[in-house]
Amino acid sequence: MAVSLEEYFRTTFEDKLLVKMPEREDDHLTPATRLLEKRREMAEVEQALAAQKEEFQMKMESLQQRREELERKEFQLKESLLKFDKFLKENDSKRARAVKKAQDERDLKRSKDKEIDRLRDEIGLFSADKDHLQNKLEKHVVCQKYLDKVLETAEEFHEIREVIARYDTLTATYYDLMEREQKNQEAVELEKQKLMKYTEDKNNEILGYNNQLAGLQTRLDKSESDAVKWESKWTHIKNTAATKTLLLGRIKMATHNLYQLVLRHQKQLPDEQVDETAEQLSKIQIFIQDLNQITQEIKRSEAATQSTAGASSSQ
């Protein structure tokens with residue numbers, strides 16, 4: 001009897017209680033189509049639950065009858081045990097079989113109780129699934145009503161599919177703009193970092209220039225001090241140069257006069273190309289050397305003449 005009930009419950013729940021789960025919805029179905037599909041699924045689920053409740057009620061009644069029968073048999077067994085206690089003590093084997101049978105009945109009862117609890121848990125799960133599907137249906141109904149109102153007020157849309165396509169386009173545009181904004185923010189942060197680094201580098205460069213400027217200012221102060229010293233020396237040099245310039249003028253005047261005398265002596269016209277004092281002195285030097293050489297030759301000639309005349313007078 002236990003095997004038959006277990007097989008009966010297993011077959012019944014596998015064939016009737018298990019509700020076929022909806023297959024994966026087509027991604028291209030409109031929300032209205034999905035809503036109709038969900039309603040149809042909810043109707044099927046409710047019908048299946050009603051049938052399961054009816055079958056479960058029948059099974060509960062059958063189990064109740066079986067429980068009463070078991071209780072009656074247990075009561076009868078107890079009475080038999082009381083009546084035949086003495087006989088069972090004398091016959092251990094019969095008593096053991098009777099106890100085992102009673103234990104089996106109790107185990108079967110506990111098994112059926114567990115089965116009942118499991119079925120109740122399954123009913124609770126089905127109820128939770130029903131509530132979940134009901135909530136989804138209510139949410140979709142709100143969306144359906146909203147889309148119907150949009151179609152009534154918007155002249156540019158004629159079908160719900162067009163509204164969904166417009167929404168998808170706007171969503172894609174929004175995410176694209178968000179991505180661009182993120183990239184722009186990253187670019188701005190990068191430029192800020194570059195600006196900070198550039199500012200830091202320029203501040204260091206300005207600091208270096210300030211150090212150089214301080215060094216140059218020190219050099220300028222030293223140069224101004226040296227300039228005062230050199231101006232004093234330059235004044236002294238100018239004063240000395242005036243005297244030397246006067247002397248140089250006299251020397252050049254004397255050289256020019258000597259050069260003119262040399263030219264008159266040589267009976268030459270003044271050479272306009274020879275205007276430098278050094279060249280004039282060179283001409284004068286050559287003239288003096290030639291004159292000196294001529295003078296020496298004359299002296300030698302006179303000395304030779306005197307020597308010849310003295311020799312003749314002695315003869």
# chains A, B, ... in the order shown; residues from 1 in each chain; ligands from 1

call {"tool": "residues_around", "arguments": {"residues": "range 124-138 of chain A", "least_positions_apart": "5", "cutoff": "12 Å", "atoms": "only C-alpha atoms", "output": "PyMOL selection string"}}
result
chain A and resi 17-19+21-22+31-32+34-50+52-53+117-119+143-145

call {"tool": "write_last_selection", "arguments": {"atoms": "N, CA, C and O atoms", "output": "compact mmCIF listing (two decimals), in the first residue's frame"}}
result
# COMPACT_ATOMS: atom_id res chain seq x y z
N LEU A 17 1.00 18.62 -11.48
CA LEU A 17 1.32 19.77 -10.63
C LEU A 17 2.44 20.62 -11.17
O LEU A 17 2.48 21.82 -10.95
N LEU A 18 3.41 20.01 -11.84
CA LEU A 18 4.54 20.78 -12.36
C LEU A 18 4.08 21.64 -13.51
O LEU A 18 3.57 21.13 -14.51
N VAL A 19 4.25 22.93 -13.38
CA VAL A 19 3.81 23.88 -14.41
C VAL A 19 4.98 24.14 -15.34
O VAL A 19 6.10 24.38 -14.90
N MET A 21 7.48 26.02 -17.30
CA MET A 21 8.01 27.38 -17.19
C MET A 21 7.99 28.05 -18.56
O MET A 21 8.23 27.39 -19.58
N PRO A 22 7.68 29.30 -18.62
CA PRO A 22 7.63 29.98 -19.92
C PRO A 22 9.02 30.02 -20.52
O PRO A 22 10.01 30.20 -19.85
N PRO A 31 5.91 45.37 -25.74
CA PRO A 31 5.42 45.22 -24.36
C PRO A 31 3.97 44.76 -24.31
O PRO A 31 3.57 44.01 -23.42
N ALA A 32 3.13 45.19 -25.27
CA ALA A 32 1.73 44.74 -25.27
C ALA A 32 1.65 43.25 -25.51
O ALA A 32 0.90 42.53 -24.83
N ARG A 34 4.06 41.09 -24.89
CA ARG A 34 4.59 40.44 -23.68
C ARG A 34 3.52 40.43 -22.57
O ARG A 34 3.39 39.46 -21.82
N LEU A 35 2.76 41.53 -22.47
CA LEU A 35 1.73 41.61 -21.44
C LEU A 35 0.65 40.56 -21.67
O LEU A 35 0.21 39.88 -20.74
N LEU A 36 0.23 40.40 -22.92
CA LEU A 36 -0.77 39.37 -23.25
C LEU A 36 -0.24 37.99 -22.95
O LEU A 36 -0.95 37.11 -22.44
N GLU A 37 1.05 37.80 -23.28
CA GLU A 37 1.67 36.49 -23.03
C GLU A 37 1.70 36.20 -21.52
O GLU A 37 1.41 35.09 -21.08
N LYS A 38 2.06 37.25 -20.73
CA LYS A 38 2.09 37.07 -19.28
C LYS A 38 0.69 36.78 -18.74
O LYS A 38 0.51 35.96 -17.83
N ARG A 39 -0.31 37.46 -19.28
CA ARG A 39 -1.68 37.19 -18.82
C ARG A 39 -2.10 35.75 -19.13
O ARG A 39 -2.76 35.09 -18.32
N ARG A 40 -1.74 35.32 -20.34
CA ARG A 40 -2.07 33.93 -20.70
C ARG A 40 -1.36 32.95 -19.77
O ARG A 40 -1.96 31.98 -19.30
N GLU A 41 -0.07 33.24 -19.50
CA GLU A 41 0.67 32.36 -18.60
C GLU A 41 0.04 32.38 -17.20
O GLU A 41 -0.04 31.33 -16.55
N MET A 42 -0.40 33.55 -16.74
CA MET A 42 -1.02 33.63 -15.43
C MET A 42 -2.32 32.83 -15.39
O MET A 42 -2.63 32.14 -14.41
N ALA A 43 -3.08 32.88 -16.48
CA ALA A 43 -4.33 32.11 -16.52
C ALA A 43 -4.05 30.62 -16.47
O ALA A 43 -4.70 29.86 -15.75
N GLU A 44 -3.00 30.21 -17.22
CA GLU A 44 -2.64 28.79 -17.20
C GLU A 44 -2.17 28.37 -15.81
O GLU A 44 -2.50 27.29 -15.32
N VAL A 45 -1.34 29.26 -15.20
CA VAL A 45 -0.85 28.94 -13.86
C VAL A 45 -2.00 28.84 -12.86
O VAL A 45 -2.05 27.93 -12.01
N GLU A 46 -2.98 29.76 -12.95
CA GLU A 46 -4.11 29.73 -12.03
C GLU A 46 -4.95 28.47 -12.24
O GLU A 46 -5.42 27.85 -11.29
N GLN A 47 -5.16 28.12 -13.53
CA GLN A 47 -5.91 26.89 -13.80
C GLN A 47 -5.19 25.67 -13.24
O GLN A 47 -5.80 24.78 -12.63
N ALA A 48 -3.83 25.63 -13.47
CA ALA A 48 -3.07 24.51 -12.96
C ALA A 48 -3.12 24.45 -11.43
O ALA A 48 -3.25 23.38 -10.84
N LEU A 49 -3.04 25.65 -10.80
CA LEU A 49 -3.09 25.68 -9.34
C LEU A 49 -4.46 25.23 -8.83
O LEU A 49 -4.58 24.53 -7.82
N ALA A 50 -5.52 25.62 -9.53
CA ALA A 50 -6.88 25.20 -9.12
C ALA A 50 -7.02 23.68 -9.21
O ALA A 50 -7.54 23.03 -8.30
N GLN A 52 -4.53 21.57 -9.17
CA GLN A 52 -3.67 20.96 -8.16
C GLN A 52 -4.32 21.03 -6.78
O GLN A 52 -4.22 20.09 -5.98
N LYS A 53 -4.99 22.19 -6.50
CA LYS A 53 -5.65 22.30 -5.19
C LYS A 53 -6.75 21.24 -5.05
O LYS A 53 -6.93 20.63 -3.99
N ASP A 117 3.89 17.74 4.40
CA ASP A 117 4.62 18.99 4.63
C ASP A 117 5.31 19.48 3.36
O ASP A 117 5.33 20.68 3.06
N ARG A 118 5.87 18.54 2.62
CA ARG A 118 6.54 18.91 1.36
C ARG A 118 5.55 19.51 0.36
O ARG A 118 5.83 20.51 -0.31
N LEU A 119 4.36 18.86 0.28
CA LEU A 119 3.34 19.38 -0.62
C LEU A 119 2.88 20.77 -0.19
O LEU A 119 2.62 21.66 -1.02
N CYS A 143 2.83 50.08 -17.38
CA CYS A 143 3.59 50.45 -18.58
C CYS A 143 2.68 50.48 -19.80
O CYS A 143 2.79 51.37 -20.66
N GLN A 144 1.78 49.51 -19.88
CA GLN A 144 0.86 49.46 -21.00
C GLN A 144 -0.03 50.70 -21.02
O GLN A 144 -0.25 51.33 -22.06
N LYS A 145 -0.57 51.08 -19.86
CA LYS A 145 -1.41 52.26 -19.79
C LYS A 145 -0.63 53.52 -20.17
O LYS A 145 -1.14 54.40 -20.88

call {"tool": "residues_around", "arguments": {"residues": "Leu281 in chain A", "least_positions_apart": "3", "cutoff": "8 Å", "atoms": "only C-alpha atoms", "output": "JSON, numbers by chain"}}
result
{"A": [255, 259, 277, 278, 284, 285]}

call {"tool": "write_last_selection", "arguments": {"atoms": "all heavy atoms", "output": "JSON list (two decimals), in the first residue's frame"}}
result
[["chain", "number", "residue", "atom", "x", "y", "z"],
["A", 255, "THR", "N", 108.39, 116.37, -38.35],
["A", 255, "THR", "CA", 108.65, 115.32, -39.36],
["A", 255, "THR", "C", 108.20, 115.81, -40.73],
["A", 255, "THR", "O", 108.89, 115.58, -41.75],
["A", 255, "THR", "CB", 107.90, 114.04, -38.98],
["A", 255, "THR", "OG1", 108.34, 113.61, -37.69],
["A", 255, "THR", "CG2", 108.15, 112.94, -39.98],
["A", 259, "TYR", "N", 110.45, 116.31, -43.97],
["A", 259, "TYR", "CA", 110.08, 115.61, -45.19],
["A", 259, "TYR", "C", 110.03, 116.59, -46.36],
["A", 259, "TYR", "O", 110.49, 116.29, -47.48],
["A", 259, "TYR", "CB", 108.75, 114.91, -45.00],
["A", 259, "TYR", "CG", 108.27, 114.15, -46.21],
["A", 259, "TYR", "CD1", 108.94, 112.99, -46.63],
["A", 259, "TYR", "CD2", 107.16, 114.58, -46.93],
["A", 259, "TYR", "CE1", 108.50, 112.29, -47.74],
["A", 259, "TYR", "CE2", 106.72, 113.89, -48.04],
["A", 259, "TYR", "CZ", 107.38, 112.73, -48.45],
["A", 259, "TYR", "OH", 106.95, 112.04, -49.55],
["A", 277, "THR", "N", 102.94, 109.65, -41.06],
["A", 277, "THR", "CA", 104.19, 110.09, -40.41],
["A", 277, "THR", "C", 105.25, 109.00, -40.49],
["A", 277, "THR", "O", 106.44, 109.28, -40.70],
["A", 277, "THR", "CB", 103.91, 110.46, -38.95],
["A", 277, "THR", "OG1", 102.90, 111.47, -38.90],
["A", 277, "THR", "CG2", 105.18, 110.97, -38.28],
["A", 278, "ALA", "N", 104.83, 107.73, -40.33],
["A", 278, "ALA", "CA", 105.78, 106.62, -40.37],
["A", 278, "ALA", "C", 106.45, 106.54, -41.75],
["A", 278, "ALA", "O", 107.67, 106.32, -41.85],
["A", 278, "ALA", "CB", 105.08, 105.31, -40.04],
["A", 284, "ILE", "N", 112.66, 110.02, -44.77],
["A", 284, "ILE", "CA", 113.73, 110.85, -44.17],
["A", 284, "ILE", "C", 114.92, 109.98, -43.80],
["A", 284, "ILE", "O", 116.10, 110.35, -44.01],
["A", 284, "ILE", "CB", 113.19, 111.61, -42.96],
["A", 284, "ILE", "CG1", 112.13, 112.63, -43.41],
["A", 284, "ILE", "CG2", 114.30, 112.29, -42.19],
["A", 284, "ILE", "CD1", 111.37, 113.28, -42.27],
["A", 285, "GLN", "N", 114.67, 108.80, -43.22],
["A", 285, "GLN", "CA", 115.75, 107.89, -42.82],
["A", 285, "GLN", "C", 116.57, 107.44, -44.02],
["A", 285, "GLN", "O", 117.81, 107.43, -43.98],
["A", 285, "GLN", "CB", 115.15, 106.67, -42.09],
["A", 285, "GLN", "CG", 116.20, 105.69, -41.61],
["A", 285, "GLN", "CD", 115.58, 104.48, -40.92],
["A", 285, "GLN", "OE1", 114.35, 104.36, -40.92],
["A", 285, "GLN", "NE2", 116.40, 103.66, -40.34]]
